[in-house]
file start_35.cif (mmCIF, N, CA and C atoms and all ligand atoms)
data_structure
#
loop_
_atom_site.label_atom_id
_atom_site.label_comp_id
_atom_site.auth_asym_id
_atom_site.auth_seq_id
_atom_site.Cartn_x
_atom_site.Cartn_y
_atom_site.Cartn_z
N MET R 229 128.16 73.71 192.42
CA MET R 229 129.36 73.13 192.98
C MET R 229 130.12 74.17 193.83
N THR R 230 130.59 73.70 194.93
CA THR R 230 131.40 74.50 195.84
C THR R 230 130.77 75.81 196.29
N GLN R 231 129.49 75.81 196.42
CA GLN R 231 128.85 77.00 196.96
C GLN R 231 127.56 76.55 197.64
N LYS R 232 127.35 77.02 198.83
CA LYS R 232 126.14 76.64 199.52
C LYS R 232 124.95 77.27 198.82
N LYS R 233 123.99 76.41 198.49
CA LYS R 233 122.80 76.95 197.83
C LYS R 233 121.94 77.68 198.85
N THR R 234 121.16 78.61 198.37
CA THR R 234 120.25 79.30 199.26
C THR R 234 118.86 78.73 199.07
N GLU R 235 118.09 78.83 200.09
CA GLU R 235 116.73 78.31 200.02
C GLU R 235 115.79 79.33 199.39
N SER R 236 114.81 78.85 198.68
CA SER R 236 113.73 79.74 198.28
C SER R 236 112.46 79.11 198.82
N ALA R 237 111.38 79.88 198.81
CA ALA R 237 110.14 79.42 199.42
C ALA R 237 109.67 78.11 198.80
N SER R 238 109.93 77.91 197.51
CA SER R 238 109.41 76.73 196.82
C SER R 238 110.35 75.53 196.90
N GLU R 239 111.54 75.72 197.42
CA GLU R 239 112.51 74.62 197.46
C GLU R 239 112.62 74.01 198.85
N ALA R 240 112.94 72.71 198.86
CA ALA R 240 113.20 72.07 200.14
C ALA R 240 114.48 72.64 200.70
N PRO R 241 114.63 72.67 202.04
CA PRO R 241 115.87 73.20 202.61
C PRO R 241 117.07 72.40 202.13
N VAL R 242 118.13 73.12 201.84
CA VAL R 242 119.37 72.48 201.37
C VAL R 242 120.06 71.83 202.56
N ARG R 243 120.52 70.56 202.40
CA ARG R 243 121.10 69.83 203.52
C ARG R 243 122.58 69.58 203.32
N TYR R 244 123.26 70.51 202.68
CA TYR R 244 124.71 70.38 202.55
C TYR R 244 125.32 71.77 202.64
N ASP R 245 126.60 71.81 202.97
CA ASP R 245 127.26 73.10 203.13
C ASP R 245 128.63 73.01 202.44
N CYS R 246 128.70 73.58 201.25
CA CYS R 246 129.93 73.48 200.45
C CYS R 246 131.11 74.15 201.15
N SER R 247 130.83 75.09 202.06
CA SER R 247 131.94 75.77 202.74
C SER R 247 132.66 74.83 203.69
N LYS R 248 132.03 73.67 204.00
CA LYS R 248 132.68 72.70 204.90
C LYS R 248 133.22 71.51 204.12
N CYS R 249 133.19 71.59 202.82
CA CYS R 249 133.61 70.48 201.95
C CYS R 249 134.82 70.92 201.14
N PRO R 250 135.77 70.00 200.92
CA PRO R 250 136.96 70.39 200.14
C PRO R 250 136.71 70.48 198.63
N GLY R 251 135.46 70.36 198.20
CA GLY R 251 135.14 70.59 196.79
C GLY R 251 135.19 69.35 195.93
N TYR R 252 134.69 68.25 196.47
CA TYR R 252 134.75 66.98 195.76
C TYR R 252 134.17 67.06 194.33
N CYS R 253 133.01 67.69 194.21
CA CYS R 253 132.35 67.69 192.89
C CYS R 253 133.20 68.43 191.84
N CYS R 254 134.05 69.32 192.26
CA CYS R 254 134.91 70.04 191.30
C CYS R 254 136.10 69.19 190.86
N SER R 255 136.23 68.01 191.49
CA SER R 255 137.31 67.11 191.08
C SER R 255 136.82 66.09 190.06
N TYR R 256 135.54 66.11 189.74
CA TYR R 256 135.04 65.20 188.70
C TYR R 256 135.86 65.43 187.44
N PRO R 257 136.36 64.37 186.83
CA PRO R 257 137.21 64.57 185.66
C PRO R 257 136.47 65.12 184.46
N ARG R 258 135.16 64.90 184.42
CA ARG R 258 134.40 65.25 183.21
C ARG R 258 133.35 66.30 183.52
N ILE R 259 133.74 67.57 183.46
CA ILE R 259 132.81 68.68 183.70
C ILE R 259 132.53 69.33 182.35
N GLU R 260 131.38 69.01 181.82
CA GLU R 260 131.07 69.36 180.43
C GLU R 260 130.80 70.86 180.26
N VAL R 261 131.31 71.39 179.16
CA VAL R 261 131.01 72.78 178.79
C VAL R 261 130.43 72.81 177.38
N LYS R 262 129.31 73.52 177.26
CA LYS R 262 128.66 73.71 175.97
C LYS R 262 129.09 75.08 175.42
N ALA R 263 128.65 75.34 174.22
CA ALA R 263 129.04 76.62 173.57
C ALA R 263 128.63 77.83 174.42
N LYS R 264 127.46 77.77 175.02
CA LYS R 264 127.04 78.94 175.82
C LYS R 264 127.89 79.09 177.10
N ASP R 265 128.39 77.98 177.60
CA ASP R 265 129.29 78.06 178.77
C ASP R 265 130.62 78.71 178.37
N VAL R 266 131.10 78.32 177.20
CA VAL R 266 132.36 78.91 176.71
C VAL R 266 132.15 80.41 176.47
N ALA R 267 130.99 80.76 175.91
CA ALA R 267 130.70 82.19 175.65
C ALA R 267 130.66 82.97 176.96
N ARG R 268 130.09 82.37 178.00
CA ARG R 268 130.01 83.03 179.32
C ARG R 268 131.41 83.22 179.91
N LEU R 269 132.24 82.19 179.76
CA LEU R 269 133.61 82.29 180.25
C LEU R 269 134.39 83.36 179.49
N ALA R 270 134.18 83.39 178.18
CA ALA R 270 134.87 84.38 177.34
C ALA R 270 134.50 85.79 177.78
N LYS R 271 133.21 86.01 178.01
CA LYS R 271 132.75 87.33 178.45
C LYS R 271 133.36 87.68 179.81
N HIS R 272 133.36 86.72 180.69
CA HIS R 272 133.90 86.94 182.04
C HIS R 272 135.37 87.37 182.01
N PHE R 273 136.12 86.75 181.11
CA PHE R 273 137.55 87.06 181.05
C PHE R 273 137.91 88.09 179.98
N GLY R 274 136.90 88.57 179.23
CA GLY R 274 137.15 89.59 178.21
C GLY R 274 138.00 89.07 177.07
N ILE R 275 137.74 87.83 176.67
CA ILE R 275 138.47 87.23 175.55
C ILE R 275 137.46 86.65 174.56
N THR R 276 137.94 86.12 173.45
CA THR R 276 137.01 85.55 172.47
C THR R 276 136.64 84.13 172.89
N PRO R 277 135.49 83.64 172.41
CA PRO R 277 135.12 82.25 172.70
C PRO R 277 136.19 81.26 172.24
N ALA R 278 136.81 81.53 171.12
CA ALA R 278 137.87 80.62 170.64
C ALA R 278 139.04 80.59 171.63
N GLN R 279 139.39 81.75 172.15
CA GLN R 279 140.48 81.80 173.14
C GLN R 279 140.07 81.07 174.42
N ALA R 280 138.83 81.30 174.85
CA ALA R 280 138.35 80.65 176.08
C ALA R 280 138.33 79.14 175.90
N GLU R 281 137.88 78.70 174.76
CA GLU R 281 137.82 77.27 174.49
C GLU R 281 139.21 76.64 174.57
N ARG R 282 140.16 77.33 173.95
CA ARG R 282 141.54 76.82 173.92
C ARG R 282 142.18 76.83 175.32
N ARG R 283 141.96 77.92 176.02
CA ARG R 283 142.63 78.13 177.31
C ARG R 283 142.04 77.26 178.43
N PHE R 284 140.72 77.14 178.44
CA PHE R 284 140.06 76.55 179.61
C PHE R 284 139.50 75.15 179.42
N THR R 285 139.40 74.70 178.18
CA THR R 285 138.71 73.43 177.93
C THR R 285 139.58 72.48 177.10
N ARG R 286 139.15 71.25 177.08
CA ARG R 286 139.78 70.28 176.17
C ARG R 286 138.70 69.34 175.66
N LEU R 287 139.00 68.72 174.52
CA LEU R 287 138.06 67.80 173.91
C LEU R 287 138.09 66.48 174.66
N TYR R 288 136.93 66.00 175.09
CA TYR R 288 136.86 64.71 175.78
C TYR R 288 136.42 63.62 174.79
N ALA R 289 135.44 63.94 174.00
CA ALA R 289 134.97 63.05 172.95
C ALA R 289 134.70 63.92 171.73
N LYS R 290 134.37 63.29 170.63
CA LYS R 290 134.20 64.03 169.38
C LYS R 290 133.24 65.21 169.56
N ASP R 291 132.18 64.99 170.33
CA ASP R 291 131.18 66.05 170.48
C ASP R 291 131.05 66.50 171.94
N GLU R 292 132.11 66.32 172.72
CA GLU R 292 132.03 66.75 174.13
C GLU R 292 133.32 67.44 174.57
N ARG R 293 133.15 68.64 175.10
CA ARG R 293 134.27 69.43 175.58
C ARG R 293 134.14 69.55 177.09
N ILE R 294 135.28 69.47 177.79
CA ILE R 294 135.26 69.53 179.26
C ILE R 294 136.26 70.56 179.77
N LEU R 295 136.08 70.95 181.04
CA LEU R 295 137.02 71.90 181.65
C LEU R 295 138.36 71.22 181.91
N LYS R 296 139.43 71.95 181.71
CA LYS R 296 140.76 71.44 182.04
C LYS R 296 140.91 71.33 183.56
N HIS R 297 141.85 70.51 183.97
CA HIS R 297 142.14 70.32 185.40
C HIS R 297 143.52 70.88 185.75
N GLN R 298 143.76 70.95 187.04
CA GLN R 298 145.07 71.30 187.59
C GLN R 298 145.38 70.26 188.68
N LYS R 299 146.61 70.23 189.13
CA LYS R 299 146.99 69.30 190.22
C LYS R 299 146.35 69.76 191.53
N ASP R 300 146.02 68.78 192.37
CA ASP R 300 145.42 69.12 193.67
C ASP R 300 145.98 68.18 194.74
N THR R 301 146.19 68.70 195.92
CA THR R 301 146.74 67.88 197.00
C THR R 301 145.67 66.99 197.64
N VAL R 302 144.42 67.37 197.54
CA VAL R 302 143.36 66.57 198.16
C VAL R 302 142.86 65.48 197.22
N TYR R 303 142.52 65.84 195.99
CA TYR R 303 141.91 64.88 195.06
C TYR R 303 142.79 64.55 193.84
N GLU R 304 144.05 64.80 193.92
CA GLU R 304 144.99 64.56 192.80
C GLU R 304 144.84 65.61 191.71
N THR R 305 143.65 65.71 191.10
CA THR R 305 143.42 66.81 190.15
C THR R 305 142.04 67.40 190.43
N ILE R 306 141.89 68.64 189.97
CA ILE R 306 140.61 69.35 190.21
C ILE R 306 140.47 70.42 189.12
N CYS R 307 139.27 70.90 188.93
CA CYS R 307 139.00 71.92 187.91
C CYS R 307 140.01 73.07 187.98
N ARG R 308 140.42 73.53 186.85
CA ARG R 308 141.43 74.60 186.79
C ARG R 308 140.94 75.91 187.42
N PHE R 309 139.64 76.05 187.59
CA PHE R 309 139.11 77.28 188.18
C PHE R 309 138.96 77.20 189.69
N PHE R 310 139.36 76.09 190.25
CA PHE R 310 139.21 75.90 191.70
C PHE R 310 140.41 76.50 192.42
N ASP R 311 140.14 77.28 193.46
CA ASP R 311 141.21 77.81 194.30
C ASP R 311 141.59 76.70 195.29
N THR R 312 142.77 76.11 195.11
CA THR R 312 143.15 74.95 195.91
C THR R 312 143.55 75.29 197.34
N ASP R 313 143.77 76.56 197.62
CA ASP R 313 144.03 76.96 199.01
C ASP R 313 142.72 77.30 199.72
N GLU R 314 141.92 78.11 199.09
CA GLU R 314 140.64 78.53 199.69
C GLU R 314 139.56 77.46 199.56
N ARG R 315 139.75 76.48 198.68
CA ARG R 315 138.82 75.40 198.40
C ARG R 315 137.47 75.95 197.95
N ARG R 316 137.52 76.75 196.89
CA ARG R 316 136.26 77.28 196.33
C ARG R 316 136.45 77.64 194.86
N CYS R 317 135.31 77.82 194.18
CA CYS R 317 135.31 78.20 192.77
C CYS R 317 135.72 79.67 192.64
N THR R 318 136.58 79.94 191.67
CA THR R 318 137.02 81.33 191.47
C THR R 318 136.20 82.07 190.42
N ILE R 319 135.31 81.34 189.76
CA ILE R 319 134.51 81.98 188.70
C ILE R 319 133.02 81.73 188.94
N TYR R 320 132.62 81.79 190.17
CA TYR R 320 131.27 81.35 190.54
C TYR R 320 130.18 81.94 189.63
N GLU R 321 130.26 83.24 189.36
CA GLU R 321 129.23 83.88 188.53
C GLU R 321 129.28 83.39 187.08
N ALA R 322 130.42 82.91 186.65
CA ALA R 322 130.59 82.50 185.25
C ALA R 322 130.72 80.99 185.09
N ARG R 323 130.41 80.25 186.14
CA ARG R 323 130.60 78.79 186.09
C ARG R 323 129.63 78.15 185.07
N PRO R 324 130.02 77.00 184.54
CA PRO R 324 129.18 76.33 183.54
C PRO R 324 127.82 75.86 184.08
N THR R 325 126.92 75.62 183.17
CA THR R 325 125.56 75.20 183.53
C THR R 325 125.56 73.94 184.41
N VAL R 326 126.41 72.99 184.08
CA VAL R 326 126.41 71.74 184.84
C VAL R 326 126.78 71.99 186.31
N CYS R 327 127.63 72.97 186.56
CA CYS R 327 128.01 73.32 187.94
C CYS R 327 126.84 74.02 188.64
N ARG R 328 126.07 74.78 187.88
CA ARG R 328 124.94 75.52 188.47
C ARG R 328 123.87 74.58 188.98
N GLY R 329 123.69 73.45 188.28
CA GLY R 329 122.62 72.53 188.64
C GLY R 329 122.99 71.56 189.75
N TYR R 330 124.27 71.38 189.99
CA TYR R 330 124.72 70.35 190.92
C TYR R 330 124.44 70.72 192.37
N PRO R 331 124.01 69.81 193.25
CA PRO R 331 123.78 68.38 193.04
C PRO R 331 122.35 68.04 192.69
N ASP R 332 121.61 68.99 192.19
CA ASP R 332 120.28 68.73 191.66
C ASP R 332 119.32 68.19 192.73
N GLY R 333 119.25 68.85 193.84
CA GLY R 333 118.33 68.44 194.90
C GLY R 333 118.82 68.97 196.23
N PRO R 334 118.05 68.73 197.29
CA PRO R 334 118.42 69.28 198.60
C PRO R 334 119.59 68.57 199.26
N LYS R 335 119.98 67.39 198.75
CA LYS R 335 121.06 66.64 199.40
C LYS R 335 122.23 66.42 198.46
N CYS R 336 123.41 66.28 199.08
CA CYS R 336 124.60 65.95 198.31
C CYS R 336 125.17 64.67 198.93
N GLY R 337 125.27 63.63 198.15
CA GLY R 337 125.74 62.33 198.65
C GLY R 337 127.12 62.42 199.28
N TYR R 338 128.01 63.16 198.66
CA TYR R 338 129.37 63.27 199.20
C TYR R 338 129.35 63.99 200.54
N TYR R 339 128.53 65.01 200.65
CA TYR R 339 128.47 65.76 201.91
C TYR R 339 127.97 64.85 203.04
N ASP R 340 126.99 64.01 202.75
CA ASP R 340 126.49 63.06 203.76
C ASP R 340 127.61 62.11 204.20
N PHE R 341 128.37 61.62 203.22
CA PHE R 341 129.50 60.73 203.48
C PHE R 341 130.55 61.44 204.34
N LEU R 342 130.85 62.67 203.97
CA LEU R 342 131.83 63.48 204.70
C LEU R 342 131.39 63.68 206.16
N LYS R 343 130.12 64.02 206.35
CA LYS R 343 129.59 64.26 207.70
C LYS R 343 129.67 62.98 208.53
N PHE R 344 129.27 61.88 207.92
CA PHE R 344 129.28 60.58 208.60
C PHE R 344 130.70 60.23 209.05
N GLU R 345 131.66 60.34 208.14
CA GLU R 345 133.05 59.98 208.46
C GLU R 345 133.65 60.93 209.50
N ARG R 346 133.36 62.19 209.40
CA ARG R 346 133.90 63.16 210.37
C ARG R 346 133.36 62.87 211.76
N LYS R 347 132.09 62.52 211.82
CA LYS R 347 131.49 62.21 213.12
C LYS R 347 132.16 60.96 213.71
N HIS R 348 132.33 59.94 212.89
CA HIS R 348 132.89 58.69 213.39
C HIS R 348 134.37 58.77 213.70
N GLN R 349 135.08 59.65 213.01
CA GLN R 349 136.51 59.83 213.29
C GLN R 349 136.72 60.83 214.44
N GLY R 350 135.65 61.55 214.80
CA GLY R 350 135.76 62.56 215.84
C GLY R 350 136.66 63.71 215.41
N ASP R 351 136.67 63.95 214.11
CA ASP R 351 137.55 65.00 213.56
C ASP R 351 136.74 65.82 212.55
N PRO R 352 136.40 67.07 212.91
CA PRO R 352 135.55 67.88 212.04
C PRO R 352 136.19 68.27 210.71
N ASP R 353 137.52 68.04 210.60
CA ASP R 353 138.22 68.38 209.35
C ASP R 353 138.63 67.16 208.54
N PHE R 354 138.26 65.99 209.01
CA PHE R 354 138.69 64.76 208.34
C PHE R 354 138.21 64.74 206.89
N ILE R 355 139.10 64.29 205.98
CA ILE R 355 138.71 64.15 204.57
C ILE R 355 138.91 62.69 204.17
N PRO R 356 137.82 61.94 204.02
CA PRO R 356 137.96 60.54 203.63
C PRO R 356 138.31 60.44 202.16
N SER R 357 138.99 59.36 201.77
CA SER R 357 139.21 59.18 200.34
C SER R 357 137.91 58.66 199.76
N ALA R 358 137.48 59.27 198.66
CA ALA R 358 136.16 58.96 198.11
C ALA R 358 136.17 57.61 197.40
S1 LIG A 1 130.57 67.71 196.81
FE1 LIG A 1 128.62 68.50 197.57
S2 LIG A 1 129.11 69.61 199.47
FE2 LIG A 1 131.01 69.28 198.33
S3 LIG A 1 131.29 71.17 197.15
FE3 LIG A 1 130.20 69.71 195.84
S4 LIG A 1 128.00 70.14 196.16
FE4 LIG A 1 129.14 71.11 197.83
S1 LIG A 2 133.82 75.94 187.32
FE1 LIG A 2 133.81 76.29 189.51
S2 LIG A 2 132.04 75.14 190.28
FE2 LIG A 2 132.54 74.35 188.24
S3 LIG A 2 133.90 72.61 188.58
FE3 LIG A 2 135.17 74.42 188.24
S4 LIG A 2 135.62 75.22 190.28
FE4 LIG A 2 133.88 73.82 190.46
#
call {"tool": "encode", "arguments": {"input": "start_35.cif", "output": "structure tokens", "more": "lines below"}}
Ligand code: SF4
Ligand code: SF4
result
Amino acid sequence: MTQKKTESASEAPVRYDCSKCPGYCCSYPRIEVKAKDVARLAKHFGITPAQAERRFTRLYAKDERILKHQKDTVYETICRFFDTDERRCTIYEARPTVCRGYPDGPKCGYYDFLKFERKHQGDPDFIPSA
């Protein structure tokens, strides 16, 4: 999420550019964190996993914990680790597994939508409501 993937010899070329996107995927309300994600965050911030869990996450369901959000001018709310001015992840090296895998392929549906709307509006900065 919010980072342009790089190509490797075995992968198809990536057809999206997160640097041109306001970070839609980081506005998903349900960004799951597992114990190993919390441990990674704790290490990154030099705190205990219990502190990281309390500070950065909240319980979504009995057995599911998600990242907390903050207010955002573009998408109403967005992940608490998102820099809302720079429009990028502030903990890229320590981001959760689910963020590392996204969008799980060479294409991002939102990026295609964004490109299409920007072309049709004739505005390279246009942000459509999703
Ligand atoms: S929605 Fe797609 S293009 Fe935008 S930040 Fe996420 S992965 Fe990148
Ligand atoms: S941790 Fe980073 S990549 Fe993941 S949702 Fe939050 S801002 Fe986006």
call {"tool": "residues_around", "arguments": {"input": "start_35.cif", "residues": "Arg286 (chain R)", "least_positions_apart": "4", "cutoff": "6.5 Å", "atoms": "all atoms listed in the file", "output": "ChimeraX atom specification"}}
result
/R:281,292-296
call {"tool": "write_last_selection", "arguments": {"input": "start_35.cif", "atoms": "N, CA and C atoms", "output": "PDB file, keeping the file's coordinate frame"}}
result
ATOM      1  N   GLU R 281     137.880  78.700 174.760  1.00  0.00           N
ATOM      2  CA  GLU R 281     137.820  77.270 174.490  1.00  0.00           C
ATOM      3  C   GLU R 281     139.210  76.640 174.570  1.00  0.00           C
ATOM      4  N   GLU R 292     132.110  66.320 172.720  1.00  0.00           N
ATOM      5  CA  GLU R 292     132.030  66.750 174.130  1.00  0.00           C
ATOM      6  C   GLU R 292     133.320  67.440 174.570  1.00  0.00           C
ATOM      7  N   ARG R 293     133.150  68.640 175.100  1.00  0.00           N
ATOM      8  CA  ARG R 293     134.270  69.430 175.580  1.00  0.00           C
ATOM      9  C   ARG R 293     134.140  69.550 177.090  1.00  0.00           C
ATOM     10  N   ILE R 294     135.280  69.470 177.790  1.00  0.00           N
ATOM     11  CA  ILE R 294     135.260  69.530 179.260  1.00  0.00           C
ATOM     12  C   ILE R 294     136.260  70.560 179.770  1.00  0.00           C
ATOM     13  N   LEU R 295     136.080  70.950 181.040  1.00  0.00           N
ATOM     14  CA  LEU R 295     137.020  71.900 181.650  1.00  0.00           C
ATOM     15  C   LEU R 295     138.360  71.220 181.910  1.00  0.00           C
ATOM     16  N   LYS R 296     139.430  71.950 181.710  1.00  0.00           N
ATOM     17  CA  LYS R 296     140.760  71.440 182.040  1.00  0.00           C
ATOM     18  C   LYS R 296     140.910  71.330 183.560  1.00  0.00           C
TER      19      LYS R 296
END
call {"tool": "select_by_dssp", "arguments": {"input": "start_35.cif", "residues": "region 249-357 of chain R", "states": "helix (DSSP H, G or I)", "output": "PyMOL selection string"}}
result
chain R and resi 252-255+263-273+277-284+320-322+325-329+337-349
call {"tool": "residues_near_ligand", "arguments": {"input": "start_35.cif", "ligand": "ligand LIG 1 (chain A)", "cutoff": "8 Å", "atoms": "only N, CA and C atoms and all ligand atoms", "output": "PDB file with N, CA and C atoms, in the coordinates of the input"}}
result
ATOM      1  N   MET R 229     128.160  73.710 192.420  1.00  0.00           N
ATOM      2  CA  MET R 229     129.360  73.130 192.980  1.00  0.00           C
ATOM      3  C   MET R 229     130.120  74.170 193.830  1.00  0.00           C
ATOM      4  N   THR R 230     130.590  73.700 194.930  1.00  0.00           N
ATOM      5  CA  THR R 230     131.400  74.500 195.840  1.00  0.00           C
ATOM      6  C   THR R 230     130.770  75.810 196.290  1.00  0.00           C
ATOM      7  N   GLN R 231     129.490  75.810 196.420  1.00  0.00           N
ATOM      8  CA  GLN R 231     128.850  77.000 196.960  1.00  0.00           C
ATOM      9  C   GLN R 231     127.560  76.550 197.640  1.00  0.00           C
ATOM     10  N   LYS R 232     127.350  77.020 198.830  1.00  0.00           N
ATOM     11  CA  LYS R 232     126.140  76.640 199.520  1.00  0.00           C
ATOM     12  C   LYS R 232     124.950  77.270 198.820  1.00  0.00           C
ATOM     13  N   LYS R 233     123.990  76.410 198.490  1.00  0.00           N
ATOM     14  CA  LYS R 233     122.800  76.950 197.830  1.00  0.00           C
ATOM     15  C   LYS R 233     121.940  77.680 198.850  1.00  0.00           C
ATOM     16  N   ARG R 243     120.520  70.560 202.400  1.00  0.00           N
ATOM     17  CA  ARG R 243     121.100  69.830 203.520  1.00  0.00           C
ATOM     18  C   ARG R 243     122.580  69.580 203.320  1.00  0.00           C
ATOM     19  N   TYR R 244     123.260  70.510 202.680  1.00  0.00           N
ATOM     20  CA  TYR R 244     124.710  70.380 202.550  1.00  0.00           C
ATOM     21  C   TYR R 244     125.320  71.770 202.640  1.00  0.00           C
ATOM     22  N   ASP R 245     126.600  71.810 202.970  1.00  0.00           N
ATOM     23  CA  ASP R 245     127.260  73.100 203.130  1.00  0.00           C
ATOM     24  C   ASP R 245     128.630  73.010 202.440  1.00  0.00           C
ATOM     25  N   CYS R 246     128.700  73.580 201.250  1.00  0.00           N
ATOM     26  CA  CYS R 246     129.930  73.480 200.450  1.00  0.00           C
ATOM     27  C   CYS R 246     131.110  74.150 201.150  1.00  0.00           C
ATOM     28  N   SER R 247     130.830  75.090 202.060  1.00  0.00           N
ATOM     29  CA  SER R 247     131.940  75.770 202.740  1.00  0.00           C
ATOM     30  C   SER R 247     132.660  74.830 203.690  1.00  0.00           C
ATOM     31  N   LYS R 248     132.030  73.670 204.000  1.00  0.00           N
ATOM     32  CA  LYS R 248     132.680  72.700 204.900  1.00  0.00           C
ATOM     33  C   LYS R 248     133.220  71.510 204.120  1.00  0.00           C
ATOM     34  N   CYS R 249     133.190  71.590 202.820  1.00  0.00           N
ATOM     35  CA  CYS R 249     133.610  70.480 201.950  1.00  0.00           C
ATOM     36  C   CYS R 249     134.820  70.920 201.140  1.00  0.00           C
ATOM     37  N   PRO R 250     135.770  70.000 200.920  1.00  0.00           N
ATOM     38  CA  PRO R 250     136.960  70.390 200.140  1.00  0.00           C
ATOM     39  C   PRO R 250     136.710  70.480 198.630  1.00  0.00           C
ATOM     40  N   GLY R 251     135.460  70.360 198.200  1.00  0.00           N
ATOM     41  CA  GLY R 251     135.140  70.590 196.790  1.00  0.00           C
ATOM     42  C   GLY R 251     135.190  69.350 195.930  1.00  0.00           C
ATOM     43  N   TYR R 252     134.690  68.250 196.470  1.00  0.00           N
ATOM     44  CA  TYR R 252     134.750  66.980 195.760  1.00  0.00           C
ATOM     45  C   TYR R 252     134.170  67.060 194.330  1.00  0.00           C
ATOM     46  N   CYS R 253     133.010  67.690 194.210  1.00  0.00           N
ATOM     47  CA  CYS R 253     132.350  67.690 192.890  1.00  0.00           C
ATOM     48  C   CYS R 253     133.200  68.430 191.840  1.00  0.00           C
ATOM     49  N   CYS R 254     134.050  69.320 192.260  1.00  0.00           N
ATOM     50  CA  CYS R 254     134.910  70.040 191.300  1.00  0.00           C
ATOM     51  C   CYS R 254     136.100  69.190 190.860  1.00  0.00           C
ATOM     52  N   SER R 255     136.230  68.010 191.490  1.00  0.00           N
ATOM     53  CA  SER R 255     137.310  67.110 191.080  1.00  0.00           C
ATOM     54  C   SER R 255     136.820  66.090 190.060  1.00  0.00           C
ATOM     55  N   ARG R 315     139.750  76.480 198.680  1.00  0.00           N
ATOM     56  CA  ARG R 315     138.820  75.400 198.400  1.00  0.00           C
ATOM     57  C   ARG R 315     137.470  75.950 197.950  1.00  0.00           C
ATOM     58  N   ARG R 316     137.520  76.750 196.890  1.00  0.00           N
ATOM     59  CA  ARG R 316     136.260  77.280 196.330  1.00  0.00           C
ATOM     60  C   ARG R 316     136.450  77.640 194.860  1.00  0.00           C
ATOM     61  N   TYR R 330     124.270  71.380 189.990  1.00  0.00           N
ATOM     62  CA  TYR R 330     124.720  70.350 190.920  1.00  0.00           C
ATOM     63  C   TYR R 330     124.440  70.720 192.370  1.00  0.00           C
ATOM     64  N   PRO R 331     124.010  69.810 193.250  1.00  0.00           N
ATOM     65  CA  PRO R 331     123.780  68.380 193.040  1.00  0.00           C
ATOM     66  C   PRO R 331     122.350  68.040 192.690  1.00  0.00           C
ATOM     67  N   ASP R 332     121.610  68.990 192.190  1.00  0.00           N
ATOM     68  CA  ASP R 332     120.280  68.730 191.660  1.00  0.00           C
ATOM     69  C   ASP R 332     119.320  68.190 192.730  1.00  0.00           C
ATOM     70  N   LYS R 335     119.980  67.390 198.750  1.00  0.00           N
ATOM     71  CA  LYS R 335     121.060  66.640 199.400  1.00  0.00           C
ATOM     72  C   LYS R 335     122.230  66.420 198.460  1.00  0.00           C
ATOM     73  N   CYS R 336     123.410  66.280 199.080  1.00  0.00           N
ATOM     74  CA  CYS R 336     124.600  65.950 198.310  1.00  0.00           C
ATOM     75  C   CYS R 336     125.170  64.670 198.930  1.00  0.00           C
ATOM     76  N   GLY R 337     125.270  63.630 198.150  1.00  0.00           N
ATOM     77  CA  GLY R 337     125.740  62.330 198.650  1.00  0.00           C
ATOM     78  C   GLY R 337     127.120  62.420 199.280  1.00  0.00           C
ATOM     79  N   TYR R 338     128.010  63.160 198.660  1.00  0.00           N
ATOM     80  CA  TYR R 338     129.370  63.270 199.200  1.00  0.00           C
ATOM     81  C   TYR R 338     129.350  63.990 200.540  1.00  0.00           C
ATOM     82  N   TYR R 339     128.530  65.010 200.650  1.00  0.00           N
ATOM     83  CA  TYR R 339     128.470  65.760 201.910  1.00  0.00           C
ATOM     84  C   TYR R 339     127.970  64.850 203.040  1.00  0.00           C
ATOM     85  N   ASP R 340     126.990  64.010 202.750  1.00  0.00           N
ATOM     86  CA  ASP R 340     126.490  63.060 203.760  1.00  0.00           C
ATOM     87  C   ASP R 340     127.610  62.110 204.200  1.00  0.00           C
TER      88      ASP R 340
END
call {"tool": "closest_atom_pairs", "arguments": {"input": "start_35.cif", "of": "chain R", "to": "ligand LIG 2 (chain A)", "cutoff": "7 Å", "atoms": "all atoms listed in the file", "output": "CSV"}}
result
residue,atom,partner,partner_atom,distance
R:Met229,C,A:LIG2,S2,4.2
R:Thr230,N,A:LIG2,S2,5.1
R:Gln231,N,A:LIG2,S2,6.7
R:Cys253,C,A:LIG2,S3,5.3
R:Cys254,CA,A:LIG2,S3,3.9
R:Ser255,N,A:LIG2,S3,5.9
R:Tyr256,N,A:LIG2,S3,6.8
R:Ile259,CA,A:LIG2,S3,6.4
R:Ile306,C,A:LIG2,FE3,6.7
R:Cys307,CA,A:LIG2,FE3,4.6
R:Arg308,N,A:LIG2,FE3,5.5
R:Phe309,C,A:LIG2,S4,3.9
R:Phe310,N,A:LIG2,S4,3.8
R:Asp311,N,A:LIG2,S4,5.9
R:Arg316,C,A:LIG2,S4,5.2
R:Cys317,CA,A:LIG2,S4,3.9
R:Thr318,N,A:LIG2,S4,5.0
R:Ile319,N,A:LIG2,FE1,5.3
R:Tyr320,N,A:LIG2,FE1,5.7
R:Ala322,C,A:LIG2,S1,6.3
R:Arg323,CA,A:LIG2,S1,4.5
R:Pro324,N,A:LIG2,S1,4.8
R:Val326,C,A:LIG2,FE2,6.5
R:Cys327,CA,A:LIG2,FE2,4.7
R:Arg328,N,A:LIG2,S2,6.4
call {"tool": "atom_distance", "arguments": {"input": "start_35.cif", "atom1": "CA of Glu345 (chain R)", "atom2": "CA of Ala240 (chain R)"}}
result
24.7 Å
